[in-house]
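J.: Quick one: this structure, given as structure tokens, is what I'll be asking you about.
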Amino acid sequence: MNILHQHIDRIKVSLPLKLIYLLSLSLLLVFIFSLPKPLFNNPTCTVINDNQGKLLAAQIATDGQWRFPEMDAVPEKFKQCIIYFEDQYFPYHPGINPGSIVRAIRQNIQAGKKVSGGSTLSAQVIRLSRKGMSRNLWQKIVEFFLAMRLEVRYSKMEILALYASHAPFGSNVVGLDAAAWRYYSRPADALSWGESATLAVLPNAPSLIYPGKNQELLLKKRNRLLDKLLKNQIIDATTCELAKLESLPEKPRPLPQQATHLLTRAISDGLSGKSITTTVNSKIQDQVNRIIEKHYQVLSENGVLNAAALVLDVETGNALAYVGNTQTGVQQSGQQVDIVTAPRSTGSTLKPLLYALMQKEGFILPGTLVADIPTHIAGFVPRNFDKQFDGAVPANNALSRSLNIPAVRMLQEYGVERFHNQLKELNISTITFSAEHYGLSLILGGAEITLWELAGTYASMARVLNHYPLNNSRYNPDDYHPPVYIEDKNTITAHWQETDPFSAGAIWVTFNALTEMHRPIENANWQLFTSSKKIAWKTGTSFGNRDAWAVGITSEYLVAVWIGNADGEGRSGLTGASAAAPVMFDIFKELPNAPWFETPYDDLVKINVCKKSGYKASDLCPETDSLYVTQSGLKTGLCPYHKLVHLSSNEKYQVTSNCYPVGEMVSKSWFVLPPVMEWYYKNKDPFYQSLPPFHPDCQNNEIENMEVIYPKNGAKLFLPIGFNEQQQPTVFEVAHRIPGTKLHWHLDHEFIGTTVGFHKKELFCMAGQHILTLVDDYGENQVVTFEVLKR
């Protein structure tokens, strides 16, 4: 029985203990889980900073507040100011300060109303996080409880950062970072003691007192705080007096808007509400903004309202300047469009890529002559910008002058499908259609590209060229990558390989071709842009003068510029040379000088080339140059234009052994172009010498003197119809190398006339198959078959 009673007594004693235990456990769990995580769920501004942390632009939070993302640390001056103004014992208490609570109670009793809350900075953080809660005694107790929990989770510096990030600073300004920029146009860590003290007193009564309102009261509060800092030896007397002399801000100031389109892009890239450190250099960004604005003042007079520019660091691909459009505030001008990411017609900007590929694969040498003559390819009729023909032009000169006809003929030789595949390999995302869809227009603006990807492609080529000698003449495929505006700090492991889409040698040859300054095309006055800086550069103009491009590259920097109208409206005179190139050169003037690219000798070979034709020199080439070319250049053929001709003793006629004594013949090397090429070439080169005619006693069995310019054999022509639905004549054209020659024309075996010297004829042809026969005075003839189609 005694044992039973003892057991019952133990049960009676243990029940209260269990209840206490359960209650304590419950309170502990409440204490642990009472604080939400995250503490604040307020929307924040999207903020972009330069590579040194300086503010470039910001967008207001979705709730209409200028509230920057939370700070990581609080500047020392503001820290001292806010502690001595709000909570002098903040470093020591556990979240509540009993002394402050007692003092607040006494003050409230004496005043007969609430004049002090006794809250610590920790408690104020809790109050800020619990917006909408009523202000009563119970809520005050809850705040004190949560303040102690806050002190367990966060360090003192983290709590201070939370307060500085979420405290109200008057109007719609929340947080120290936003306040520093809105009131003083500088970052918080650059504030003076007077400015820090001013901001420290604002959260105490933000709805009653803020800059621009109650200035006298604000001044008194600030100066009292400065005196308190002096009394506690935080600042000296001189600093205190100087701080008191500082004026108060009158009203919130506008935030910097140096890179608004980059800000918009960051938001579209999923970075809304974040503070982003970009790769942009604010000094370069500001310079480019000013240059764009200066040129806009002139361009807008011609109705050209939009412009964009990028400056990249070649080594990293980092965007040092990102100007997505003009920023003049003109309504309905498309200035909200970020042109940097907008697909636009490529114009001539892909020509250097084709040139480099043809160098790499041994199709041409740097100065190989390319035909620049009237060209008709399956209904496609390219034209040069100046609507002239050179007959034959060195490939590097055709590239620097951006001639369209040589580019089209080069692409035809290289292959549209092949070039299309190479562009896809370079990850140009805007090449979305098949090679057949683009056809030969691919090289003349038939495709689209963004300024971002165009700049990235050229910068990647420069990067490959820079790294080649450093990597023991090997290639790293990771050198090809798009630009970045947020620095990628991940270390990339190199994957070395022996081949490259272009090759260092081909890139070097191409960039050297693009340094040519004498570019008379497009009526540009290039002497205005001459510079001591060696720059490889290319312009481009799209059909209808809708897009004007310029891309320039050195070993360290790339500058890419687009000029035009965002809505696609073309403007007369808008060209890459006249509009975009001057902007590009002005930007380069602001950049440091950079050395030229190192010559990649391991990927080049020195050969003798014909000075006149640009081909590998044959034994018949009288003048040669020694030139570095790609390794594949060894595969190219010998000069086809220097021929051994046999002349009469007075060198006035061509002769053969069948009609002239061999002992009296004079044999010479002669530069001979095909008739059509010669026809146009000799009009450009006064030193070109046509072959002498054959001796009357001799017959030409070797060299053709006549060539049909249009139509080519087997061509299919559309029946030309005028505006009045009446048939129009088709213009036929023939070139003959002997001046003054008579040419007799026959259509479908019927004689239709004779031309002398200038061989053009307008003919009316019905739909169907036709035969054009041409006979000259020397008995040479040409026969061309063609078909006329109804539309």
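Residue numbers start at 1 in each chain; chains themselves are named A, B, ... in the order of the structure tokens; ligands are numbered from 1 in the order shown.
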If we count only C-alpha atoms, what is near A:Asn214 at a cut-off of 12 Å, once residues fewer than 3 positions away on the same chain are taken out, given as a PyMOL selection string?

T.: chain A and resi 170+202+205-211+217-221+248-251

J.: How about saving the chosen residues, N, CA and C atoms kept, as a compact mmCIF listing (two decimals), in the first residue's frame?

T.:
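Dumped everything to selection-v1.txt:
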```txt
# COMPACT_ATOMS: atom_id res chain seq x y z
N GLY A 170 11.16 59.56 -46.47
CA GLY A 170 10.33 60.64 -46.97
C GLY A 170 9.89 60.42 -48.40
N LEU A 202 15.93 61.36 -40.77
CA LEU A 202 14.70 61.32 -41.56
C LEU A 202 13.75 60.19 -41.18
N ALA A 205 10.64 60.56 -38.47
CA ALA A 205 9.31 61.10 -38.77
C ALA A 205 9.23 61.41 -40.26
N PRO A 206 9.27 60.40 -41.12
CA PRO A 206 9.38 60.62 -42.56
C PRO A 206 8.18 61.34 -43.17
N SER A 207 6.98 61.16 -42.59
CA SER A 207 5.80 61.80 -43.17
C SER A 207 5.70 63.27 -42.77
N LEU A 208 6.41 63.64 -41.70
CA LEU A 208 6.35 65.01 -41.21
C LEU A 208 7.50 65.85 -41.74
N ILE A 209 8.61 65.20 -41.91
CA ILE A 209 9.81 65.97 -42.23
C ILE A 209 10.62 65.22 -43.29
N TYR A 210 10.86 65.88 -44.38
CA TYR A 210 11.75 65.35 -45.40
C TYR A 210 12.25 66.52 -46.22
N PRO A 211 13.35 66.34 -46.95
CA PRO A 211 13.92 67.47 -47.68
C PRO A 211 12.87 68.15 -48.55
N LEU A 217 13.12 72.66 -39.06
CA LEU A 217 13.09 71.56 -38.09
C LEU A 217 14.12 70.49 -38.44
N LEU A 218 14.24 70.19 -39.75
CA LEU A 218 15.22 69.20 -40.20
C LEU A 218 16.63 69.66 -39.87
N LEU A 219 16.90 70.95 -40.05
CA LEU A 219 18.22 71.49 -39.77
C LEU A 219 18.56 71.36 -38.29
N LYS A 220 17.59 71.67 -37.42
CA LYS A 220 17.83 71.56 -35.98
C LYS A 220 18.12 70.12 -35.58
N LYS A 221 17.35 69.18 -36.10
CA LYS A 221 17.56 67.77 -35.76
C LYS A 221 18.95 67.32 -36.21
N LEU A 248 20.96 71.77 -46.93
CA LEU A 248 20.04 70.64 -46.98
C LEU A 248 19.52 70.45 -48.40
N PRO A 249 19.23 69.22 -48.80
CA PRO A 249 18.66 69.01 -50.12
C PRO A 249 17.24 69.57 -50.18
N GLU A 250 16.90 70.17 -51.31
CA GLU A 250 15.58 70.79 -51.44
C GLU A 250 14.50 69.77 -51.79
N LYS A 251 14.79 68.86 -52.71
CA LYS A 251 13.80 67.88 -53.16
C LYS A 251 14.53 66.69 -53.77
```

J.: Would you kindly return, as a PyMOL selection string, each protein, DNA or RNA residue with an atom no farther than 7 Å from any atom of A:Asn545, considering only C-alpha atoms and excluding same-chain residues fewer than 3 positions away?

T.: chain A and resi 541-542+570-572+574-575

J.: Just write the chosen residues, N, CA, C and O atoms, as an mmCIF file, in the first residue's frame.

T.:
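Generated output (out.cif):
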```
data_model
loop_
_atom_site.group_PDB
_atom_site.id
_atom_site.type_symbol
_atom_site.label_atom_id
_atom_site.label_comp_id
_atom_site.auth_asym_id
_atom_site.auth_seq_id
_atom_site.Cartn_x
_atom_site.Cartn_y
_atom_site.Cartn_z
ATOM 1 N N THR A 541 25.528 49.011 -95.378
ATOM 2 C CA THR A 541 24.284 49.743 -95.603
ATOM 3 C C THR A 541 23.253 48.769 -96.163
ATOM 4 O O THR A 541 23.553 48.058 -97.130
ATOM 5 N N SER A 542 22.084 48.723 -95.577
ATOM 6 C CA SER A 542 21.063 47.787 -96.055
ATOM 7 C C SER A 542 20.277 48.389 -97.207
ATOM 8 O O SER A 542 20.317 49.595 -97.465
ATOM 9 N N GLY A 570 13.593 54.024 -94.351
ATOM 10 C CA GLY A 570 14.865 54.411 -94.930
ATOM 11 C C GLY A 570 14.940 55.914 -95.149
ATOM 12 O O GLY A 570 13.927 56.597 -95.248
ATOM 13 N N ARG A 571 16.156 56.419 -95.199
ATOM 14 C CA ARG A 571 16.367 57.854 -95.441
ATOM 15 C C ARG A 571 17.459 58.026 -96.482
ATOM 16 O O ARG A 571 18.501 57.364 -96.428
ATOM 17 N N SER A 572 17.229 58.915 -97.414
ATOM 18 C CA SER A 572 18.210 59.195 -98.454
ATOM 19 C C SER A 572 19.528 59.638 -97.825
ATOM 20 O O SER A 572 19.555 60.466 -96.915
ATOM 21 N N LEU A 574 21.494 57.866 -96.016
ATOM 22 C CA LEU A 574 21.869 57.117 -94.808
ATOM 23 C C LEU A 574 22.722 55.920 -95.210
ATOM 24 O O LEU A 574 22.220 54.950 -95.779
ATOM 25 N N THR A 575 24.003 55.985 -94.942
ATOM 26 C CA THR A 575 24.921 54.888 -95.254
ATOM 27 C C THR A 575 25.827 54.621 -94.071
ATOM 28 O O THR A 575 26.009 55.474 -93.197
#
```

J.: List every residue of stretch 195-296 of chain A that DSSP, applied to the backbone of this structure, assigns to alpha helix (DSSP H), and report them as a count of residues only.

T.: 55

J.: As an MDAnalysis selection string, please: the residues near A:Leu620 (cut-off 10 Å, only C-alpha atoms, same-chain neighbours under 2 positions excluded).

T.: chainID A and resid 610 617:618 622:623 638:644 668:671

J.: Neighbouring residues of stretch 704-717 of chain A were defined as those with any atom within 6 Å, considering only C-alpha atoms; residues of the same chain fewer than 4 positions away were excluded. Please report them as a ChimeraX atom specification.

T.: /A:675,732-737,784-789

J.: So that I have them on file, write out the residues from the current selection with all heavy atoms, as a short mmCIF file (atom, residue, chain, number, x, y, z; two decimals), in the first residue's frame.

T.:
```cif
data_model
loop_
_atom_site.label_atom_id
_atom_site.label_comp_id
_atom_site.auth_asym_id
_atom_site.auth_seq_id
_atom_site.Cartn_x
_atom_site.Cartn_y
_atom_site.Cartn_z
N PRO A 675 37.41 39.65 -122.27
CA PRO A 675 36.89 40.86 -122.92
C PRO A 675 36.02 41.74 -122.05
O PRO A 675 36.20 42.97 -122.04
CB PRO A 675 36.10 40.27 -124.10
CG PRO A 675 36.79 38.99 -124.43
CD PRO A 675 37.24 38.44 -123.10
N PHE A 732 20.58 44.35 -124.68
CA PHE A 732 21.64 43.36 -124.84
C PHE A 732 22.97 44.10 -124.94
O PHE A 732 23.05 45.18 -125.54
CB PHE A 732 21.41 42.54 -126.11
CG PHE A 732 20.21 41.62 -126.03
CD1 PHE A 732 18.92 42.13 -126.03
CD2 PHE A 732 20.39 40.26 -125.93
CE1 PHE A 732 17.82 41.29 -125.94
CE2 PHE A 732 19.29 39.40 -125.85
CZ PHE A 732 18.01 39.93 -125.85
N GLU A 733 24.03 43.51 -124.36
CA GLU A 733 25.32 44.20 -124.30
C GLU A 733 26.46 43.22 -124.55
O GLU A 733 26.45 42.08 -124.04
CB GLU A 733 25.49 44.88 -122.95
CG GLU A 733 26.70 45.79 -122.87
CD GLU A 733 26.74 46.57 -121.56
OE1 GLU A 733 25.86 46.37 -120.70
OE2 GLU A 733 27.67 47.40 -121.41
N VAL A 734 27.43 43.67 -125.33
CA VAL A 734 28.59 42.85 -125.69
C VAL A 734 29.85 43.69 -125.51
O VAL A 734 29.84 44.91 -125.73
CB VAL A 734 28.49 42.36 -127.15
CG1 VAL A 734 29.71 41.52 -127.54
CG2 VAL A 734 27.21 41.57 -127.37
N ALA A 735 30.94 43.04 -125.10
CA ALA A 735 32.24 43.71 -124.98
C ALA A 735 33.19 43.16 -126.05
O ALA A 735 33.22 41.95 -126.31
CB ALA A 735 32.82 43.49 -123.60
N HIS A 736 33.96 44.06 -126.66
CA HIS A 736 34.98 43.65 -127.64
C HIS A 736 36.27 44.37 -127.29
O HIS A 736 36.29 45.58 -127.06
CB HIS A 736 34.52 44.01 -129.06
CG HIS A 736 35.18 43.19 -130.11
ND1 HIS A 736 36.52 43.30 -130.41
CD2 HIS A 736 34.68 42.21 -130.92
CE1 HIS A 736 36.84 42.45 -131.37
NE2 HIS A 736 35.73 41.76 -131.70
N ARG A 737 37.36 43.60 -127.29
CA ARG A 737 38.60 44.19 -126.80
C ARG A 737 39.26 45.11 -127.83
O ARG A 737 40.12 45.91 -127.49
CB ARG A 737 39.57 43.10 -126.34
CG ARG A 737 40.14 42.27 -127.41
CD ARG A 737 41.28 41.37 -126.88
NE ARG A 737 40.79 40.26 -126.06
CZ ARG A 737 40.99 40.18 -124.75
NH1 ARG A 737 41.60 41.17 -124.11
NH2 ARG A 737 40.57 39.13 -124.07
N VAL A 784 24.69 32.79 -128.51
CA VAL A 784 24.08 32.69 -127.17
C VAL A 784 22.63 32.26 -127.33
O VAL A 784 21.89 32.84 -128.13
CB VAL A 784 24.15 34.05 -126.44
CG1 VAL A 784 23.35 33.99 -125.15
CG2 VAL A 784 25.59 34.42 -126.17
N THR A 785 22.24 31.25 -126.61
CA THR A 785 20.83 30.85 -126.58
C THR A 785 20.22 31.31 -125.26
O THR A 785 20.87 31.25 -124.21
CB THR A 785 20.67 29.33 -126.71
OG1 THR A 785 21.31 28.70 -125.61
CG2 THR A 785 21.29 28.83 -128.01
N PHE A 786 18.99 31.79 -125.31
CA PHE A 786 18.32 32.25 -124.10
C PHE A 786 16.82 32.03 -124.25
O PHE A 786 16.31 31.81 -125.36
CB PHE A 786 18.64 33.72 -123.81
CG PHE A 786 18.18 34.67 -124.88
CD1 PHE A 786 16.95 35.32 -124.78
CD2 PHE A 786 18.98 34.94 -125.99
CE1 PHE A 786 16.53 36.20 -125.76
CE2 PHE A 786 18.57 35.81 -126.98
CZ PHE A 786 17.34 36.46 -126.86
N GLU A 787 16.11 32.13 -123.14
CA GLU A 787 14.66 31.93 -123.14
C GLU A 787 13.99 33.12 -122.48
O GLU A 787 14.44 33.59 -121.42
CB GLU A 787 14.29 30.65 -122.40
CG GLU A 787 12.79 30.35 -122.40
CD GLU A 787 12.44 29.08 -121.65
OE1 GLU A 787 13.37 28.44 -121.10
OE2 GLU A 787 11.24 28.73 -121.62
N VAL A 788 12.93 33.62 -123.09
CA VAL A 788 12.15 34.71 -122.52
C VAL A 788 10.88 34.12 -121.92
O VAL A 788 10.15 33.37 -122.59
CB VAL A 788 11.80 35.76 -123.59
CG1 VAL A 788 10.89 36.84 -122.99
CG2 VAL A 788 13.07 36.40 -124.14
N LEU A 789 10.62 34.45 -120.66
CA LEU A 789 9.47 33.91 -119.93
C LEU A 789 8.43 34.99 -119.71
O LEU A 789 8.75 36.15 -119.50
CB LEU A 789 9.91 33.35 -118.58
CG LEU A 789 11.04 32.31 -118.59
CD1 LEU A 789 11.46 31.98 -117.16
CD2 LEU A 789 10.60 31.05 -119.32
#
```

J.: Calculate how many Å separate atom CA of A:Lys612 from atom CA of A:Ala395, rounding to one decimal.

T.: 12.4 Å

J.: Using only C-alpha atoms, find the one residue out of A:Ser268, A:Ser434, A:Ser667, A:Thr368 that sits nearest to A:Val609.

T.: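 For A:Val609, the nearest of the given residues is A:Thr368.
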
J.: Dump as JSON lines the rows for residues of stretch 327-418 of chain A within 12 Å of stretch 457-468 of chain A: closest atom pair and distance in Å with one decimal, only C-alpha atoms counted, ordered by chain and rising residue number.

T.:
```
{"residue": "A:Thr349", "atom": "CA", "partner": "A:Tyr458", "partner_atom": "CA", "distance": 10.0}
{"residue": "A:Leu350", "atom": "CA", "partner": "A:Tyr458", "partner_atom": "CA", "distance": 10.0}
{"residue": "A:Lys351", "atom": "CA", "partner": "A:Tyr458", "partner_atom": "CA", "distance": 11.9}
{"residue": "A:Pro352", "atom": "CA", "partner": "A:Tyr458", "partner_atom": "CA", "distance": 9.4}
{"residue": "A:Leu353", "atom": "CA", "partner": "A:Tyr458", "partner_atom": "CA", "distance": 8.9}
{"residue": "A:Ala356", "atom": "CA", "partner": "A:Met461", "partner_atom": "CA", "distance": 10.1}
{"residue": "A:Leu357", "atom": "CA", "partner": "A:Met461", "partner_atom": "CA", "distance": 11.8}
```

J.: Counting only C-alpha atoms, what is within 6 Å of A:Lys635, bar same-chain residues fewer than 2 positions away, as a PyMOL selection string?

T.: chain A and resi 362+632-633
